[in-house]
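Chemist: What follows is structure.txt, compact mmCIF, N, CA and C atoms.
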```txt
# COMPACT_ATOMS: atom_id res chain seq x y z
N MET A 1 3.11 2.41 13.40
CA MET A 1 2.35 1.44 12.63
C MET A 1 3.14 1.08 11.37
N ARG A 2 3.23 -0.20 11.08
CA ARG A 2 3.97 -0.67 9.92
C ARG A 2 3.11 -1.65 9.14
N PRO A 3 2.43 -1.18 8.07
CA PRO A 3 1.62 -2.11 7.30
C PRO A 3 2.46 -3.29 6.80
N PRO A 4 1.95 -4.47 6.95
CA PRO A 4 2.73 -5.67 6.65
C PRO A 4 2.88 -6.01 5.18
N ARG A 5 2.05 -5.48 4.34
CA ARG A 5 2.03 -5.95 2.97
C ARG A 5 3.00 -5.24 2.04
N GLY A 6 3.52 -4.11 2.37
CA GLY A 6 4.44 -3.40 1.48
C GLY A 6 4.00 -1.98 1.22
N VAL A 7 4.29 -1.49 -0.01
CA VAL A 7 3.99 -0.10 -0.35
C VAL A 7 3.29 -0.01 -1.70
N LEU A 8 2.49 1.03 -1.82
CA LEU A 8 1.87 1.41 -3.08
C LEU A 8 2.45 2.76 -3.46
N LEU A 9 2.93 2.88 -4.69
CA LEU A 9 3.56 4.12 -5.14
C LEU A 9 2.56 5.04 -5.82
N ASP A 10 2.61 6.30 -5.44
CA ASP A 10 1.88 7.36 -6.12
C ASP A 10 2.35 7.39 -7.57
N THR A 11 1.54 7.91 -8.47
CA THR A 11 1.88 7.93 -9.89
C THR A 11 3.20 8.63 -10.15
N SER A 12 3.40 9.80 -9.58
CA SER A 12 4.66 10.53 -9.80
C SER A 12 5.84 9.74 -9.26
N VAL A 13 5.68 9.17 -8.09
CA VAL A 13 6.75 8.39 -7.47
C VAL A 13 7.05 7.14 -8.30
N LEU A 14 6.02 6.57 -8.87
CA LEU A 14 6.20 5.41 -9.75
C LEU A 14 7.09 5.78 -10.93
N LEU A 15 6.82 6.92 -11.55
CA LEU A 15 7.65 7.38 -12.67
C LEU A 15 9.06 7.71 -12.20
N TRP A 16 9.19 8.31 -11.04
CA TRP A 16 10.53 8.60 -10.49
C TRP A 16 11.32 7.32 -10.31
N SER A 17 10.65 6.26 -9.84
CA SER A 17 11.36 5.01 -9.60
C SER A 17 11.85 4.40 -10.92
N VAL A 18 11.07 4.53 -11.97
CA VAL A 18 11.46 4.02 -13.28
C VAL A 18 12.64 4.82 -13.84
N GLU A 19 12.60 6.12 -13.61
CA GLU A 19 13.64 7.01 -14.14
C GLU A 19 14.84 7.14 -13.20
N ASP A 20 14.79 6.46 -12.05
CA ASP A 20 15.82 6.57 -11.02
C ASP A 20 16.10 8.03 -10.68
N SER A 21 15.03 8.76 -10.46
CA SER A 21 15.10 10.19 -10.18
C SER A 21 15.79 10.48 -8.86
N PRO A 22 16.58 11.55 -8.81
CA PRO A 22 17.19 11.95 -7.55
C PRO A 22 16.14 12.44 -6.53
N ARG A 23 14.90 12.62 -6.96
CA ARG A 23 13.83 13.04 -6.04
C ARG A 23 13.47 11.93 -5.05
N LEU A 24 13.76 10.68 -5.40
CA LEU A 24 13.47 9.57 -4.48
C LEU A 24 14.36 9.68 -3.26
N GLY A 25 13.75 9.59 -2.10
CA GLY A 25 14.50 9.65 -0.86
C GLY A 25 15.26 8.37 -0.59
N SER A 26 16.25 8.46 0.28
CA SER A 26 17.08 7.29 0.59
C SER A 26 16.28 6.17 1.26
N ARG A 27 15.31 6.53 2.10
CA ARG A 27 14.49 5.50 2.74
C ARG A 27 13.74 4.68 1.70
N LEU A 28 13.11 5.37 0.73
CA LEU A 28 12.36 4.67 -0.30
C LEU A 28 13.29 3.89 -1.22
N ARG A 29 14.44 4.44 -1.54
CA ARG A 29 15.42 3.70 -2.36
C ARG A 29 15.79 2.37 -1.70
N ARG A 30 16.05 2.42 -0.40
CA ARG A 30 16.37 1.18 0.32
C ARG A 30 15.20 0.20 0.25
N LEU A 31 14.01 0.72 0.43
CA LEU A 31 12.83 -0.13 0.39
C LEU A 31 12.67 -0.77 -1.00
N LEU A 32 12.88 0.01 -2.05
CA LEU A 32 12.75 -0.51 -3.42
C LEU A 32 13.77 -1.60 -3.70
N GLU A 33 14.90 -1.55 -3.03
CA GLU A 33 15.95 -2.56 -3.22
C GLU A 33 15.79 -3.76 -2.29
N SER A 34 14.84 -3.67 -1.36
CA SER A 34 14.63 -4.74 -0.39
C SER A 34 13.67 -5.79 -0.98
N ASP A 35 13.32 -6.75 -0.13
CA ASP A 35 12.37 -7.79 -0.52
C ASP A 35 10.92 -7.41 -0.24
N ARG A 36 10.69 -6.22 0.32
CA ARG A 36 9.31 -5.80 0.61
C ARG A 36 8.54 -5.64 -0.69
N PRO A 37 7.31 -6.08 -0.72
CA PRO A 37 6.50 -5.93 -1.94
C PRO A 37 6.25 -4.46 -2.29
N VAL A 38 6.43 -4.15 -3.56
CA VAL A 38 6.15 -2.81 -4.09
C VAL A 38 5.03 -2.97 -5.12
N PHE A 39 3.95 -2.23 -4.89
CA PHE A 39 2.78 -2.33 -5.75
C PHE A 39 2.61 -1.07 -6.60
N PHE A 40 2.00 -1.27 -7.77
CA PHE A 40 1.52 -0.15 -8.57
C PHE A 40 0.06 -0.45 -8.90
N SER A 41 -0.66 0.60 -9.20
CA SER A 41 -2.09 0.47 -9.45
C SER A 41 -2.43 0.75 -10.91
N PRO A 42 -3.46 0.09 -11.44
CA PRO A 42 -3.93 0.43 -12.78
C PRO A 42 -4.43 1.88 -12.84
N ILE A 43 -4.73 2.44 -11.68
CA ILE A 43 -5.13 3.86 -11.62
C ILE A 43 -3.97 4.72 -12.11
N SER A 44 -2.76 4.40 -11.68
CA SER A 44 -1.58 5.15 -12.13
C SER A 44 -1.36 4.97 -13.63
N ILE A 45 -1.58 3.76 -14.12
CA ILE A 45 -1.43 3.51 -15.55
C ILE A 45 -2.45 4.34 -16.33
N ALA A 46 -3.68 4.43 -15.82
CA ALA A 46 -4.70 5.25 -16.47
C ALA A 46 -4.31 6.73 -16.45
N GLU A 47 -3.81 7.21 -15.31
CA GLU A 47 -3.40 8.62 -15.21
C GLU A 47 -2.25 8.92 -16.17
N ILE A 48 -1.29 8.02 -16.25
CA ILE A 48 -0.16 8.20 -17.16
C ILE A 48 -0.62 8.16 -18.61
N THR A 49 -1.54 7.26 -18.92
CA THR A 49 -2.08 7.15 -20.28
C THR A 49 -2.78 8.45 -20.68
N LEU A 50 -3.58 9.01 -19.79
CA LEU A 50 -4.26 10.28 -20.07
C LEU A 50 -3.27 11.42 -20.28
N LYS A 51 -2.27 11.49 -19.42
CA LYS A 51 -1.28 12.56 -19.54
C LYS A 51 -0.43 12.40 -20.80
N THR A 52 -0.20 11.16 -21.21
CA THR A 52 0.52 10.92 -22.46
C THR A 52 -0.32 11.38 -23.64
N ALA A 53 -1.61 11.05 -23.63
CA ALA A 53 -2.51 11.46 -24.71
C ALA A 53 -2.61 12.98 -24.81
N LEU A 54 -2.49 13.66 -23.67
CA LEU A 54 -2.53 15.12 -23.64
C LEU A 54 -1.16 15.75 -23.90
N LYS A 55 -0.18 14.89 -24.20
CA LYS A 55 1.20 15.33 -24.50
C LYS A 55 1.89 15.97 -23.30
N LYS A 56 1.46 15.60 -22.09
CA LYS A 56 2.10 16.10 -20.87
C LYS A 56 3.22 15.17 -20.42
N LEU A 57 3.24 13.94 -20.95
CA LEU A 57 4.26 12.95 -20.62
C LEU A 57 4.72 12.25 -21.88
N ASP A 58 5.92 11.69 -21.81
CA ASP A 58 6.41 10.84 -22.89
C ASP A 58 5.61 9.55 -22.90
N ASP A 59 5.81 8.76 -23.93
CA ASP A 59 5.10 7.50 -24.07
C ASP A 59 5.63 6.47 -23.08
N PHE A 60 4.75 6.00 -22.23
CA PHE A 60 5.07 4.96 -21.26
C PHE A 60 4.18 3.75 -21.50
N SER A 61 3.90 3.42 -22.77
CA SER A 61 2.95 2.36 -23.08
C SER A 61 3.39 0.98 -22.59
N GLN A 62 4.68 0.79 -22.39
CA GLN A 62 5.19 -0.49 -21.90
C GLN A 62 5.42 -0.49 -20.39
N LEU A 63 4.99 0.56 -19.72
CA LEU A 63 5.32 0.73 -18.31
C LEU A 63 4.88 -0.44 -17.45
N ALA A 64 3.63 -0.88 -17.57
CA ALA A 64 3.13 -1.95 -16.70
C ALA A 64 3.96 -3.22 -16.87
N SER A 65 4.23 -3.61 -18.09
CA SER A 65 5.02 -4.84 -18.29
C SER A 65 6.46 -4.65 -17.81
N ASP A 66 7.01 -3.45 -17.98
CA ASP A 66 8.36 -3.17 -17.47
C ASP A 66 8.40 -3.26 -15.94
N LEU A 67 7.39 -2.71 -15.29
CA LEU A 67 7.32 -2.75 -13.83
C LEU A 67 7.25 -4.20 -13.33
N ILE A 68 6.40 -4.98 -13.95
CA ILE A 68 6.25 -6.38 -13.55
C ILE A 68 7.56 -7.14 -13.75
N SER A 69 8.24 -6.86 -14.86
CA SER A 69 9.51 -7.56 -15.11
C SER A 69 10.59 -7.16 -14.09
N HIS A 70 10.42 -5.99 -13.45
CA HIS A 70 11.37 -5.55 -12.42
C HIS A 70 10.91 -5.93 -11.01
N GLY A 71 9.87 -6.73 -10.90
CA GLY A 71 9.45 -7.22 -9.60
C GLY A 71 8.33 -6.45 -8.93
N TYR A 72 7.84 -5.39 -9.55
CA TYR A 72 6.70 -4.67 -8.98
C TYR A 72 5.46 -5.53 -9.17
N ARG A 73 4.49 -5.36 -8.29
CA ARG A 73 3.25 -6.13 -8.36
C ARG A 73 2.09 -5.20 -8.68
N GLU A 74 1.24 -5.64 -9.59
CA GLU A 74 0.05 -4.85 -9.91
C GLU A 74 -1.02 -5.13 -8.88
N LEU A 75 -1.58 -4.07 -8.31
CA LEU A 75 -2.66 -4.18 -7.33
C LEU A 75 -3.97 -3.95 -8.07
N PRO A 76 -4.74 -5.00 -8.29
CA PRO A 76 -5.99 -4.83 -9.03
C PRO A 76 -6.93 -3.83 -8.32
N LEU A 77 -7.67 -3.11 -9.11
CA LEU A 77 -8.68 -2.19 -8.58
C LEU A 77 -9.97 -2.96 -8.38
N THR A 78 -10.53 -2.87 -7.18
CA THR A 78 -11.77 -3.59 -6.88
C THR A 78 -12.87 -2.60 -6.49
N SER A 79 -14.08 -3.12 -6.47
CA SER A 79 -15.20 -2.28 -6.03
C SER A 79 -15.05 -1.93 -4.55
N GLU A 80 -14.39 -2.78 -3.77
CA GLU A 80 -14.14 -2.46 -2.36
C GLU A 80 -13.23 -1.25 -2.24
N HIS A 81 -12.25 -1.14 -3.12
CA HIS A 81 -11.36 0.03 -3.12
C HIS A 81 -12.18 1.29 -3.43
N ALA A 82 -13.06 1.17 -4.42
CA ALA A 82 -13.88 2.33 -4.80
C ALA A 82 -14.76 2.76 -3.63
N ARG A 83 -15.37 1.80 -2.95
CA ARG A 83 -16.21 2.14 -1.79
C ARG A 83 -15.38 2.72 -0.65
N ALA A 84 -14.13 2.32 -0.53
CA ALA A 84 -13.26 2.83 0.53
C ALA A 84 -12.98 4.32 0.38
N MET A 85 -13.27 4.88 -0.79
CA MET A 85 -13.08 6.33 -0.99
C MET A 85 -13.97 7.13 -0.04
N GLN A 86 -15.08 6.54 0.41
CA GLN A 86 -15.99 7.24 1.32
C GLN A 86 -15.28 7.68 2.60
N GLY A 87 -14.28 6.94 3.02
CA GLY A 87 -13.57 7.28 4.24
C GLY A 87 -12.48 8.30 4.04
N SER A 88 -12.41 8.90 2.86
CA SER A 88 -11.32 9.83 2.53
C SER A 88 -11.53 11.24 3.05
N GLY A 89 -12.71 11.54 3.56
CA GLY A 89 -12.97 12.84 4.17
C GLY A 89 -12.56 14.02 3.31
N ALA A 90 -11.59 14.81 3.78
CA ALA A 90 -11.16 16.03 3.09
C ALA A 90 -10.59 15.76 1.71
N LEU A 91 -10.17 14.53 1.45
CA LEU A 91 -9.59 14.22 0.14
C LEU A 91 -10.64 14.06 -0.95
N LEU A 92 -11.91 14.03 -0.58
CA LEU A 92 -12.94 13.84 -1.59
C LEU A 92 -12.94 14.96 -2.63
N ARG A 93 -12.45 16.12 -2.28
CA ARG A 93 -12.37 17.24 -3.23
C ARG A 93 -11.00 17.33 -3.89
N HIS A 94 -10.12 16.41 -3.55
CA HIS A 94 -8.76 16.37 -4.11
C HIS A 94 -8.80 15.56 -5.41
N ASP A 95 -7.67 15.46 -6.06
CA ASP A 95 -7.52 14.69 -7.29
C ASP A 95 -8.12 13.29 -7.10
N PRO A 96 -9.09 12.90 -7.92
CA PRO A 96 -9.72 11.59 -7.74
C PRO A 96 -8.75 10.41 -7.92
N PHE A 97 -7.74 10.57 -8.75
CA PHE A 97 -6.74 9.51 -8.88
C PHE A 97 -6.06 9.27 -7.54
N ASP A 98 -5.61 10.35 -6.90
CA ASP A 98 -4.94 10.24 -5.60
C ASP A 98 -5.87 9.67 -4.54
N THR A 99 -7.11 10.15 -4.53
CA THR A 99 -8.07 9.68 -3.53
C THR A 99 -8.29 8.18 -3.65
N LEU A 100 -8.39 7.70 -4.88
CA LEU A 100 -8.60 6.27 -5.09
C LEU A 100 -7.34 5.47 -4.77
N LEU A 101 -6.17 6.00 -5.10
CA LEU A 101 -4.92 5.33 -4.75
C LEU A 101 -4.79 5.19 -3.22
N ILE A 102 -5.10 6.23 -2.50
CA ILE A 102 -5.02 6.17 -1.04
C ILE A 102 -6.05 5.19 -0.49
N ALA A 103 -7.24 5.18 -1.06
CA ALA A 103 -8.25 4.21 -0.63
C ALA A 103 -7.74 2.79 -0.84
N GLN A 104 -7.08 2.54 -1.95
CA GLN A 104 -6.49 1.22 -2.18
C GLN A 104 -5.45 0.89 -1.11
N ALA A 105 -4.56 1.84 -0.86
CA ALA A 105 -3.49 1.60 0.12
C ALA A 105 -4.06 1.31 1.50
N VAL A 106 -5.02 2.11 1.93
CA VAL A 106 -5.61 1.92 3.25
C VAL A 106 -6.33 0.58 3.32
N HIS A 107 -7.13 0.28 2.31
CA HIS A 107 -7.89 -0.97 2.30
C HIS A 107 -6.97 -2.19 2.32
N GLU A 108 -5.84 -2.09 1.63
CA GLU A 108 -4.91 -3.22 1.54
C GLU A 108 -3.83 -3.19 2.61
N ASP A 109 -3.88 -2.20 3.48
CA ASP A 109 -2.91 -2.02 4.56
C ASP A 109 -1.49 -1.89 4.02
N LEU A 110 -1.32 -0.95 3.10
CA LEU A 110 -0.03 -0.64 2.48
C LEU A 110 0.36 0.79 2.83
N TRP A 111 1.67 1.05 2.87
CA TRP A 111 2.12 2.43 2.91
C TRP A 111 1.85 3.03 1.54
N PHE A 112 1.49 4.31 1.51
CA PHE A 112 1.32 5.04 0.26
C PHE A 112 2.45 6.05 0.18
N GLU A 113 3.34 5.86 -0.78
CA GLU A 113 4.51 6.73 -0.93
C GLU A 113 4.19 7.83 -1.94
N THR A 114 4.30 9.09 -1.50
CA THR A 114 3.98 10.23 -2.34
C THR A 114 4.89 11.40 -1.99
N ALA A 115 4.89 12.39 -2.87
CA ALA A 115 5.58 13.64 -2.58
C ALA A 115 4.58 14.80 -2.63
N ASP A 116 3.32 14.49 -2.77
CA ASP A 116 2.26 15.49 -2.85
C ASP A 116 2.09 16.14 -1.48
N THR A 117 2.41 17.43 -1.40
CA THR A 117 2.38 18.13 -0.10
C THR A 117 0.99 18.17 0.51
N HIS A 118 -0.03 18.25 -0.33
CA HIS A 118 -1.41 18.25 0.19
C HIS A 118 -1.72 16.93 0.88
N LEU A 119 -1.34 15.83 0.25
CA LEU A 119 -1.58 14.51 0.83
C LEU A 119 -0.74 14.30 2.09
N LEU A 120 0.49 14.76 2.05
CA LEU A 120 1.38 14.60 3.20
C LEU A 120 0.91 15.42 4.40
N SER A 121 0.28 16.54 4.15
CA SER A 121 -0.18 17.39 5.26
C SER A 121 -1.57 17.01 5.76
N ALA A 122 -2.20 16.02 5.14
CA ALA A 122 -3.57 15.64 5.53
C ALA A 122 -3.61 14.79 6.80
N GLY A 123 -2.46 14.37 7.31
CA GLY A 123 -2.42 13.61 8.55
C GLY A 123 -2.92 12.18 8.43
N LEU A 124 -2.79 11.60 7.27
CA LEU A 124 -3.25 10.23 7.05
C LEU A 124 -2.17 9.23 7.48
N ASN A 125 -2.56 8.21 8.23
CA ASN A 125 -1.61 7.24 8.78
C ASN A 125 -0.80 6.48 7.74
N HIS A 126 -1.39 6.15 6.62
CA HIS A 126 -0.72 5.30 5.64
C HIS A 126 0.13 6.08 4.63
N VAL A 127 0.15 7.40 4.72
CA VAL A 127 0.84 8.23 3.73
C VAL A 127 2.23 8.60 4.23
N ARG A 128 3.23 8.36 3.38
CA ARG A 128 4.63 8.69 3.73
C ARG A 128 5.27 9.49 2.62
N ASP A 129 6.26 10.28 3.01
CA ASP A 129 6.98 11.16 2.09
C ASP A 129 8.05 10.38 1.33
N ALA A 130 7.85 10.25 0.03
CA ALA A 130 8.77 9.47 -0.82
C ALA A 130 10.09 10.17 -1.05
N SER A 131 10.18 11.44 -0.67
CA SER A 131 11.43 12.18 -0.92
C SER A 131 12.35 12.14 0.30
N GLU A 132 11.92 11.53 1.39
CA GLU A 132 12.77 11.47 2.60
C GLU A 132 13.75 10.33 2.51
```
Let me see whether you can do it: turn the structure in this file into structure tokens.

Modeler:
Amino acid sequence: MRPPRGVLLDTSVLLWSVEDSPRLGSRLRRLLESDRPVFFSPISIAEITLKTALKKLDDFSQLASDLISHGYRELPLTSEHARAMQGSGALLRHDPFDTLLIAQAVHEDLWFETADTHLLSAGLNHVRDASE
């Protein structure tokens, strides 16, 4: 299965892409350099903002505008995405940021790129390993 619309990056993977981290796998690097649409979510911006306020991350206050200037597309959060969380099954007890990001990806028919081992082992069709 190959979702036609592109990919949505997990919050950690989004930061890795900005920092050009060696953790990014070659497959994802090629995809990021291609013409395929790459999306980020305001959910990730909220998660980063919270972690910055808690001093767990450096200041990324310009991240959204930087991403857009580099060709990333913001995927608006809708009430349909929120309702799609109902289909998350075992993920309902997982990190709510991740659960909502996956609901967005599934609803929009996007690959969800992550390195979260729990998410990768959940057997979800739209979830791919960003480190491969």

Chemist: Write out as a short mmCIF file (atom, residue, chain, number, x, y, z; two decimals) with N, CA and C atoms, keeping the file's coordinate frame which residues come within 6.5 Å of Tyr72 of chain A when counting all atoms listed in the file, dropping same-chain ones fewer than 2 positions away.

Modeler:
```cif
data_model
loop_
_atom_site.label_atom_id
_atom_site.label_comp_id
_atom_site.auth_asym_id
_atom_site.auth_seq_id
_atom_site.Cartn_x
_atom_site.Cartn_y
_atom_site.Cartn_z
N VAL A 38 6.43 -4.15 -3.56
CA VAL A 38 6.15 -2.81 -4.09
C VAL A 38 5.03 -2.97 -5.12
N PHE A 39 3.95 -2.23 -4.89
CA PHE A 39 2.78 -2.33 -5.75
C PHE A 39 2.61 -1.07 -6.60
N PHE A 40 2.00 -1.27 -7.77
CA PHE A 40 1.52 -0.15 -8.57
C PHE A 40 0.06 -0.45 -8.90
N LEU A 67 7.39 -2.71 -15.29
CA LEU A 67 7.32 -2.75 -13.83
C LEU A 67 7.25 -4.20 -13.33
N ILE A 68 6.40 -4.98 -13.95
CA ILE A 68 6.25 -6.38 -13.55
C ILE A 68 7.56 -7.14 -13.75
N SER A 69 8.24 -6.86 -14.86
CA SER A 69 9.51 -7.56 -15.11
C SER A 69 10.59 -7.16 -14.09
N HIS A 70 10.42 -5.99 -13.45
CA HIS A 70 11.37 -5.55 -12.42
C HIS A 70 10.91 -5.93 -11.01
N GLU A 74 1.24 -5.64 -9.59
CA GLU A 74 0.05 -4.85 -9.91
C GLU A 74 -1.02 -5.13 -8.88
#
```

Chemist: Between A:Ala103, A:Val18, A:Ala64, A:Leu77, single out the one closest to Ile43 of chain A, counting only N, CA and C atoms.

Modeler: A:Leu77

Chemist: With 5 Å added on each side, what axis-aligned box encloses every listed atom of segment 71-87 of chain A? Give the centre and edge lengths in Å to one decimal, as JSON.

Modeler:
```
{"center_x": -3.2, "center_y": 0.5, "center_z": -3.3, "size_x": 36.1, "size_y": 25.5, "size_z": 25.1}
```

Chemist: Would you list the contacts of Leu57 of chain A as a compact mmCIF listing (two decimals) with N, CA and C atoms, in the coordinates of the input, taking every protein, DNA or RNA residue within 8 Å and counting all atoms listed in the file, but skipping same-chain residues closer than 6 positions in sequence?

Modeler:
```
# COMPACT_ATOMS: atom_id res chain seq x y z
N ILE A 48 -1.29 8.02 -16.25
CA ILE A 48 -0.16 8.20 -17.16
C ILE A 48 -0.62 8.16 -18.61
N LEU A 50 -3.58 9.01 -19.79
CA LEU A 50 -4.26 10.28 -20.07
C LEU A 50 -3.27 11.42 -20.28
N LYS A 51 -2.27 11.49 -19.42
CA LYS A 51 -1.28 12.56 -19.54
C LYS A 51 -0.43 12.40 -20.80
```

Chemist: What parts of chain A does DSSP call strand (DSSP E)? I'd like the answer as a VMD selection string.

Modeler: chain A and resid 7 to 9 38 to 40 73 to 74 111 to 114 127 to 129

Chemist: From (-10.4, 7.8, -1.4), in the file's coordinates, out to 6 Å: which residues are reached, counting only C-alpha atoms? Answer as a ChimeraX atom specification.

Modeler: /A:85,88,99-100,102-103

Chemist: Generate a file for segment 23-53 of chain A, containing C-alpha atoms, as an mmCIF file, in the first residue's frame.

Modeler:
```cif
data_model
loop_
_atom_site.group_PDB
_atom_site.id
_atom_site.type_symbol
_atom_site.label_atom_id
_atom_site.label_comp_id
_atom_site.auth_asym_id
_atom_site.auth_seq_id
_atom_site.Cartn_x
_atom_site.Cartn_y
_atom_site.Cartn_z
ATOM 1 C CA ARG A 23 19.185 9.078 12.829
ATOM 2 C CA LEU A 24 17.205 9.704 9.627
ATOM 3 C CA GLY A 25 17.259 6.639 7.437
ATOM 4 C CA SER A 26 18.340 6.724 3.815
ATOM 5 C CA ARG A 27 14.827 5.941 2.552
ATOM 6 C CA LEU A 28 13.365 8.939 4.379
ATOM 7 C CA ARG A 29 16.265 11.184 3.326
ATOM 8 C CA ARG A 30 15.537 10.342 -0.308
ATOM 9 C CA LEU A 31 11.862 11.024 0.242
ATOM 10 C CA LEU A 32 12.589 14.399 1.882
ATOM 11 C CA GLU A 33 14.663 15.359 -1.166
ATOM 12 C CA SER A 34 11.978 14.219 -3.618
ATOM 13 C CA ASP A 35 8.870 16.025 -4.828
ATOM 14 C CA ARG A 36 6.571 13.988 -2.552
ATOM 15 C CA PRO A 37 4.639 16.201 -0.140
ATOM 16 C CA VAL A 38 5.998 16.260 3.412
ATOM 17 C CA PHE A 39 3.563 17.396 6.086
ATOM 18 C CA PHE A 40 3.934 18.540 9.674
ATOM 19 C CA SER A 41 1.141 18.938 12.172
ATOM 20 C CA PRO A 42 0.304 21.736 14.603
ATOM 21 C CA ILE A 43 0.200 18.885 17.120
ATOM 22 C CA SER A 44 3.982 18.574 16.763
ATOM 23 C CA ILE A 45 4.365 22.333 17.169
ATOM 24 C CA ALA A 46 2.296 22.143 20.373
ATOM 25 C CA GLU A 47 4.384 19.228 21.689
ATOM 26 C CA ILE A 48 7.625 21.074 20.912
ATOM 27 C CA THR A 49 6.290 24.254 22.520
ATOM 28 C CA LEU A 50 5.427 22.361 25.723
ATOM 29 C CA LYS A 51 8.803 20.643 25.850
ATOM 30 C CA THR A 52 10.543 23.978 25.262
ATOM 31 C CA ALA A 53 8.576 25.562 28.122
#
```
